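Structure first, then comments.
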Amino acid sequence: MADKLQSFARTGITPDVAGADLSYALKLQFARWKAKGLRATMEVVPYGDRKPQMPQKGFCWQDEKYSHERRFDMGKRTQKYFRDEKCIYTRDSVVGINAIVTDTTAPAGVVENDDYCCPSCGASSKIKELMTGCPFCQTKFLMPDLFPKVTNFYFFEDDSANPKIFKPAVIIGAVLMLLYEVALGVMHQDVSFLFGAPIAMLIGAFLGYMCAAFLYLGYAIYRAVQGVGEVSGSKKAERKLENRMRAFDKTFSFKLFEGQLISFLKMTLFTEDPGNLACFEGTHIPERYRDLIDMSYHGTLSLKGIETVGDVVRMNIGVFLRNTYCVNNRISDKDEEIALWVEKKVTAPTDAGFSIKKVACKSCGGSFDASRRRICPFCQSVYDMKEQNWVITKIGE
């Protein structure tokens with residue numbers, strides 16, 4: 001997936017291994033780049049000799065039809081943005097690569113009546129129809145063409161792995177000591193001071209390195225304390241959510257909830273038409289997110305509140321992100337926590353195969369793409385997504 005994202009950054013063609021929801025979020029992000037007049041490139045290479053982790057307890061879950069597996073690896077990413085063929089931003093970072101891979105655990109006959117988005121044209125059809133020929137584009141698929149798919153994917157930047165302050169600090173230290181020697185020579189009108197310049201520069205370089213080391217140590221301690229707080233809060237939120245939700249839905253999975261939440265958030269923040277996006281029922285998206293061009297999930301969130309009102313469960317969630325903005329031709333990164341309010345009908349069991357690109361109308365049973373419309377095209381009923389999955393009702397300022 002990471003390799004295929006490199007091609008996506010250049011062409012806008014989404015990876016064929018990406019699920020429908022992830023592909024749609026990527027298309028929205030590419031459209032934001034174009035609207036900003038940006039062209040992007042991305043290179044991801046393996047970092048060190050680390051091997052991908054094998055699945056661990058709590059990182060795999062499944063229902064009677066589908067399985068999900070969370071996979072992790074490390075890489076080194078170079079992200080660049082161009083405007084008018086001029087590079088205006090470069091970021092080199094060591095990243096954790098997180099992916100949720102969805103596969104089918106059931107025989108073809110069990111899942112063939114499930115709705116699925118055609119990998120060729122994107123239209124929603126039955127799996128058995130795609131295997132005999134998509135009704136819309138006539139493309140035929142085998143089950144291995146449809147599964148497995150990457151249904152959620154994000155990079156987490158590891159600041160500690162690639163400090164960038166040492167080289168500038170060494171150069172600045174050496175230059176300052178050189179200027180100091182020159183100033184002494186001018187003040188004493190003695191050129192012999194210049195003969196000590198090489199030694200002074202070495203001393204300056206060493207002092208610059210030591211200053212950078214102390215600054216980096218302080219930053220590392222700060223990030224560690226911050227990270228421990230985020231991880232601790234996220235683990236607490238995970239336990240509380242699973243305990244609370246499993247009273248209503250025994251199949252509830254925090255990892256699945258987390259992945260869907262990040263996908264829906266990406267769609268909401270990158271879309272230009274939130275009024276037709278079924279996963280967002282709010283009235284307002286903060287204006288600053290119109291300048292958002294990339295978002296990296298920290299892998300942590302906080303639970304600020306949870307309540308049940310009638311048959312609806314409501315949550316206030318804090319999501320920790322590193323966001324990239326483009327404002328007035330200037331690109332900058334910002335670590336921030338976005339406050340979200342989400343809700344869902346407690347009577348709706350977890351659907352591991354849910355996709356906003358192929359929802360089922362409760363009134364007539366028709367399947368359609370709810371990323372582009374809220375009204376069922378078959379019976380004209382208003383589609384309420386919280387009867388099947390989580391929806392975002394508010395995004396904090």
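Following the order of the structure tokens, first chain is A, next is B, and so on, with residues numbered from 1 inside each chain and ligands from 1 in the order they appear.
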> Got a sec to tell me which of stretch 55-212 of chain A DSSP assigns to strand (DSSP E), as a ChimeraX atom specification?
Replying inline: /A:60-62,66-83,86-104,115-117,124-126,149-157
> Excluding same-chain residues fewer than 6 positions from A:Val101, what lies within 7 Å of it counting only C-alpha atoms, as a PyMOL selection string?
Replying inline: chain A and resi 68-70+148-151
>> Report, in Å with one decimal, the straight-line distance from atom CA of A:Ile395 to atom CA of A:Leu340.
In response: 4.8 Å
>> Give me the residues near A:Asp333 as a PyMOL selection string, where near means some atom within 12 Å (using only C-alpha atoms) and where sequence neighbours in that chain fewer than 6 positions away do not count.
In response: chain A and resi 89-91+157+291-296+321-327
>> Set the distance at 9 Å and use only C-alpha atoms: which residues neighbour stretch 281-289 of chain A once local chain neighbours fewer than 6 positions away are removed? I'd like the list as a list in words.
In response: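 Everything that qualifies: Thr268, Leu269, Phe270, Pro274, Gly275, Tyr325, Val391, Ile392, Thr393, Lys394, Ile395, Gly396 and Glu397 of chain A.
Nearest to A:Phe147 of all the residues A:Lys65, A:Arg10, A:Lys357, A:Arg71 is A:Lys65, counting only C-alpha atoms.
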>> Give me, as a PyMOL selection string, all polymer residues having an atom no more than 9 Å from A:His298, counting only C-alpha atoms and skipping those fewer than 3 positions away in the same chain.
In response: chain A and resi 154-157+230+301+319-322
Residues just named, written with N, CA and C atoms as a PDB file, in the first residue's frame:
ATOM      1  N   TYR A 154      -2.781   4.738   7.669  1.00  0.00           N
ATOM      2  CA  TYR A 154      -2.258   6.047   8.074  1.00  0.00           C
ATOM      3  C   TYR A 154      -0.795   5.922   8.490  1.00  0.00           C
ATOM      4  N   PHE A 155      -0.086   7.057   8.363  1.00  0.00           N
ATOM      5  CA  PHE A 155       1.294   7.162   8.807  1.00  0.00           C
ATOM      6  C   PHE A 155       1.321   7.833  10.169  1.00  0.00           C
ATOM      7  N   PHE A 156       2.193   7.345  11.052  1.00  0.00           N
ATOM      8  CA  PHE A 156       2.444   8.013  12.327  1.00  0.00           C
ATOM      9  C   PHE A 156       3.910   8.401  12.364  1.00  0.00           C
ATOM     10  N   GLU A 157       4.186   9.695  12.448  1.00  0.00           N
ATOM     11  CA  GLU A 157       5.566  10.170  12.400  1.00  0.00           C
ATOM     12  C   GLU A 157       6.277   9.949  13.724  1.00  0.00           C
ATOM     13  N   GLU A 230      -0.970  10.580  26.048  1.00  0.00           N
ATOM     14  CA  GLU A 230      -1.878  10.237  24.951  1.00  0.00           C
ATOM     15  C   GLU A 230      -2.188   8.743  24.946  1.00  0.00           C
ATOM     16  N   LEU A 301      -6.487   8.477  20.818  1.00  0.00           N
ATOM     17  CA  LEU A 301      -7.641   9.355  20.982  1.00  0.00           C
ATOM     18  C   LEU A 301      -8.063   9.364  22.443  1.00  0.00           C
ATOM     19  N   VAL A 319      -9.376  13.439  18.939  1.00  0.00           N
ATOM     20  CA  VAL A 319      -8.501  12.693  18.030  1.00  0.00           C
ATOM     21  C   VAL A 319      -7.193  13.470  17.874  1.00  0.00           C
ATOM     22  N   PHE A 320      -6.056  12.807  18.122  1.00  0.00           N
ATOM     23  CA  PHE A 320      -4.749  13.455  18.055  1.00  0.00           C
ATOM     24  C   PHE A 320      -4.151  13.262  16.654  1.00  0.00           C
ATOM     25  N   LEU A 321      -3.809  14.376  16.018  1.00  0.00           N
ATOM     26  CA  LEU A 321      -3.359  14.362  14.626  1.00  0.00           C
ATOM     27  C   LEU A 321      -2.169  15.286  14.420  1.00  0.00           C
ATOM     28  N   ARG A 322      -1.392  15.011  13.385  1.00  0.00           N
ATOM     29  CA  ARG A 322      -0.442  15.988  12.850  1.00  0.00           C
ATOM     30  C   ARG A 322      -0.996  16.425  11.505  1.00  0.00           C
TER      31      ARG A 322
END
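Summary of the local environment: counting only C-alpha atoms, residues at most 7 Å from stretch 11-21 of chain A, other than itself and those fewer than 3 positions away along its chain, are Met1, Lys4, Leu5, Ser7, Phe8, Tyr24, Ala25, Leu26, Lys27, Phe30, Cys117, Lys149, Val150, Thr151, Ser263, Ser355, Ile356 and Lys357 of chain A.
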Would you save the residues from that selection as a CSV table (one decimal), in the first residue's frame, using all heavy atoms?
chain,number,residue,atom,x,y,z
A,1,MET,N,0.8,-1.2,0.0
A,1,MET,CA,0.0,0.0,0.0
A,1,MET,C,0.9,1.3,0.0
A,1,MET,O,0.6,2.2,-0.7
A,1,MET,CB,-0.9,0.0,1.2
A,1,MET,CG,-1.8,1.2,1.3
A,1,MET,SD,-3.1,1.2,0.0
A,1,MET,CE,-3.9,2.8,0.4
A,4,LYS,N,2.2,1.9,-3.4
A,4,LYS,CA,1.2,2.3,-4.4
A,4,LYS,C,0.8,3.8,-4.1
A,4,LYS,O,0.4,4.5,-5.0
A,4,LYS,CB,0.0,1.4,-4.4
A,4,LYS,CG,0.3,0.0,-4.9
A,4,LYS,CD,-0.9,-0.9,-4.8
A,4,LYS,CE,-0.5,-2.3,-5.4
A,4,LYS,NZ,-0.3,-2.3,-6.8
A,5,LEU,N,0.9,4.2,-2.9
A,5,LEU,CA,0.6,5.6,-2.6
A,5,LEU,C,1.6,6.6,-3.2
A,5,LEU,O,1.3,7.7,-3.5
A,5,LEU,CB,0.6,5.8,-1.0
A,5,LEU,CG,-0.6,5.4,-0.3
A,5,LEU,CD1,-0.4,5.6,1.2
A,5,LEU,CD2,-1.8,6.1,-0.8
A,7,SER,N,2.7,6.3,-6.3
A,7,SER,CA,2.1,6.6,-7.6
A,7,SER,C,0.8,7.4,-7.5
A,7,SER,O,0.6,8.3,-8.3
A,7,SER,CB,1.7,5.2,-8.3
A,7,SER,OG,1.0,5.4,-9.5
A,8,PHE,N,0.0,7.2,-6.4
A,8,PHE,CA,-1.2,8.0,-6.2
A,8,PHE,C,-0.9,9.5,-6.1
A,8,PHE,O,-1.5,10.3,-6.6
A,8,PHE,CB,-1.9,7.5,-5.0
A,8,PHE,CG,-2.9,8.5,-4.4
A,8,PHE,CD1,-4.1,8.8,-5.0
A,8,PHE,CD2,-2.5,9.3,-3.3
A,8,PHE,CE1,-4.9,9.8,-4.5
A,8,PHE,CE2,-3.3,10.2,-2.7
A,8,PHE,CZ,-4.6,10.5,-3.3
A,24,TYR,N,-12.0,6.7,-1.6
A,24,TYR,CA,-12.8,7.9,-1.7
A,24,TYR,C,-12.1,9.0,-0.9
A,24,TYR,O,-12.0,10.2,-1.4
A,24,TYR,CB,-14.2,7.7,-1.2
A,24,TYR,CG,-15.1,8.9,-1.4
A,24,TYR,CD1,-15.4,9.5,-2.6
A,24,TYR,CD2,-15.6,9.5,-0.2
A,24,TYR,CE1,-16.2,10.6,-2.7
A,24,TYR,CE2,-16.4,10.7,-0.4
A,24,TYR,CZ,-16.7,11.2,-1.6
A,24,TYR,OH,-17.5,12.3,-1.7
A,25,ALA,N,-11.7,8.7,0.3
A,25,ALA,CA,-11.0,9.8,1.1
A,25,ALA,C,-9.7,10.2,0.4
A,25,ALA,O,-9.4,11.4,0.4
A,25,ALA,CB,-10.6,9.2,2.4
A,26,LEU,N,-9.0,9.3,-0.3
A,26,LEU,CA,-7.8,9.7,-1.0
A,26,LEU,C,-8.1,10.6,-2.2
A,26,LEU,O,-7.4,11.6,-2.5
A,26,LEU,CB,-7.0,8.5,-1.5
A,26,LEU,CG,-6.3,7.7,-0.4
A,26,LEU,CD1,-5.8,6.4,-1.0
A,26,LEU,CD2,-5.2,8.5,0.2
A,27,LYS,N,-9.2,10.3,-2.9
A,27,LYS,CA,-9.7,11.1,-4.1
A,27,LYS,C,-10.0,12.5,-3.6
A,27,LYS,O,-9.7,13.5,-4.3
A,27,LYS,CB,-10.8,10.5,-4.8
A,27,LYS,CG,-10.5,9.2,-5.5
A,27,LYS,CD,-11.7,8.6,-6.2
A,27,LYS,CE,-11.4,7.3,-6.9
A,27,LYS,NZ,-12.6,6.6,-7.5
A,30,PHE,N,-6.7,14.4,-3.0
A,30,PHE,CA,-6.1,14.8,-4.2
A,30,PHE,C,-6.8,16.0,-4.8
A,30,PHE,O,-6.2,16.9,-5.4
A,30,PHE,CB,-6.1,13.6,-5.2
A,30,PHE,CG,-5.2,13.8,-6.4
A,30,PHE,CD1,-3.9,13.6,-6.3
A,30,PHE,CD2,-5.8,14.3,-7.6
A,30,PHE,CE1,-3.0,13.8,-7.5
A,30,PHE,CE2,-5.0,14.5,-8.7
A,30,PHE,CZ,-3.6,14.2,-8.6
A,117,CYS,N,-18.5,-2.5,-3.9
A,117,CYS,CA,-18.2,-1.4,-4.9
A,117,CYS,C,-17.3,-2.0,-5.9
A,117,CYS,O,-16.3,-2.6,-5.6
A,117,CYS,CB,-17.6,-0.2,-4.2
A,117,CYS,SG,-18.7,0.7,-3.2
A,149,LYS,N,-8.6,-6.3,1.0
A,149,LYS,CA,-8.4,-4.9,0.7
A,149,LYS,C,-7.9,-4.1,2.0
A,149,LYS,O,-8.2,-4.5,3.1
A,149,LYS,CB,-9.8,-4.3,0.3
A,149,LYS,CG,-10.3,-4.8,-1.0
A,149,LYS,CD,-9.4,-4.2,-2.2
A,149,LYS,CE,-10.1,-4.6,-3.5
A,149,LYS,NZ,-9.2,-4.1,-4.6
A,150,VAL,N,-7.2,-3.1,1.8
A,150,VAL,CA,-6.7,-2.2,2.8
A,150,VAL,C,-7.9,-1.2,3.1
A,150,VAL,O,-8.2,-0.4,2.2
A,150,VAL,CB,-5.4,-1.4,2.5
A,150,VAL,CG1,-5.1,-0.5,3.6
A,150,VAL,CG2,-4.3,-2.4,2.2
A,151,THR,N,-8.5,-1.3,4.2
A,151,THR,CA,-9.7,-0.5,4.5
A,151,THR,C,-9.4,0.8,5.3
A,151,THR,O,-10.2,1.7,5.4
A,151,THR,CB,-10.8,-1.3,5.2
A,151,THR,OG1,-10.2,-2.0,6.3
A,151,THR,CG2,-11.4,-2.3,4.2
A,263,SER,N,-11.5,7.3,8.9
A,263,SER,CA,-12.0,7.4,7.5
A,263,SER,C,-13.0,8.4,7.4
A,263,SER,O,-13.0,9.3,6.4
A,263,SER,CB,-12.5,6.0,7.1
A,263,SER,OG,-11.4,5.1,6.9
A,355,SER,N,-19.5,-0.1,4.3
A,355,SER,CA,-18.8,1.0,3.5
A,355,SER,C,-19.9,2.0,3.2
A,355,SER,O,-21.0,1.7,2.8
A,355,SER,CB,-18.3,0.4,2.2
A,355,SER,OG,-17.9,1.4,1.4
A,356,ILE,N,-19.5,3.3,3.4
A,356,ILE,CA,-20.3,4.4,3.0
A,356,ILE,C,-20.6,4.5,1.5
A,356,ILE,O,-21.6,5.1,1.1
A,356,ILE,CB,-19.7,5.7,3.5
A,356,ILE,CG1,-20.8,6.9,3.5
A,356,ILE,CG2,-18.5,6.1,2.7
A,356,ILE,CD1,-20.3,8.2,4.1
A,357,LYS,N,-19.8,3.8,0.8
A,357,LYS,CA,-20.0,3.8,-0.7
A,357,LYS,C,-21.1,2.8,-1.1
A,357,LYS,O,-21.4,2.7,-2.3
A,357,LYS,CB,-18.7,3.4,-1.4
A,357,LYS,CG,-17.5,4.4,-1.1
A,357,LYS,CD,-17.8,5.7,-1.7
A,357,LYS,CE,-17.5,5.7,-3.2
A,357,LYS,NZ,-17.7,7.0,-3.8
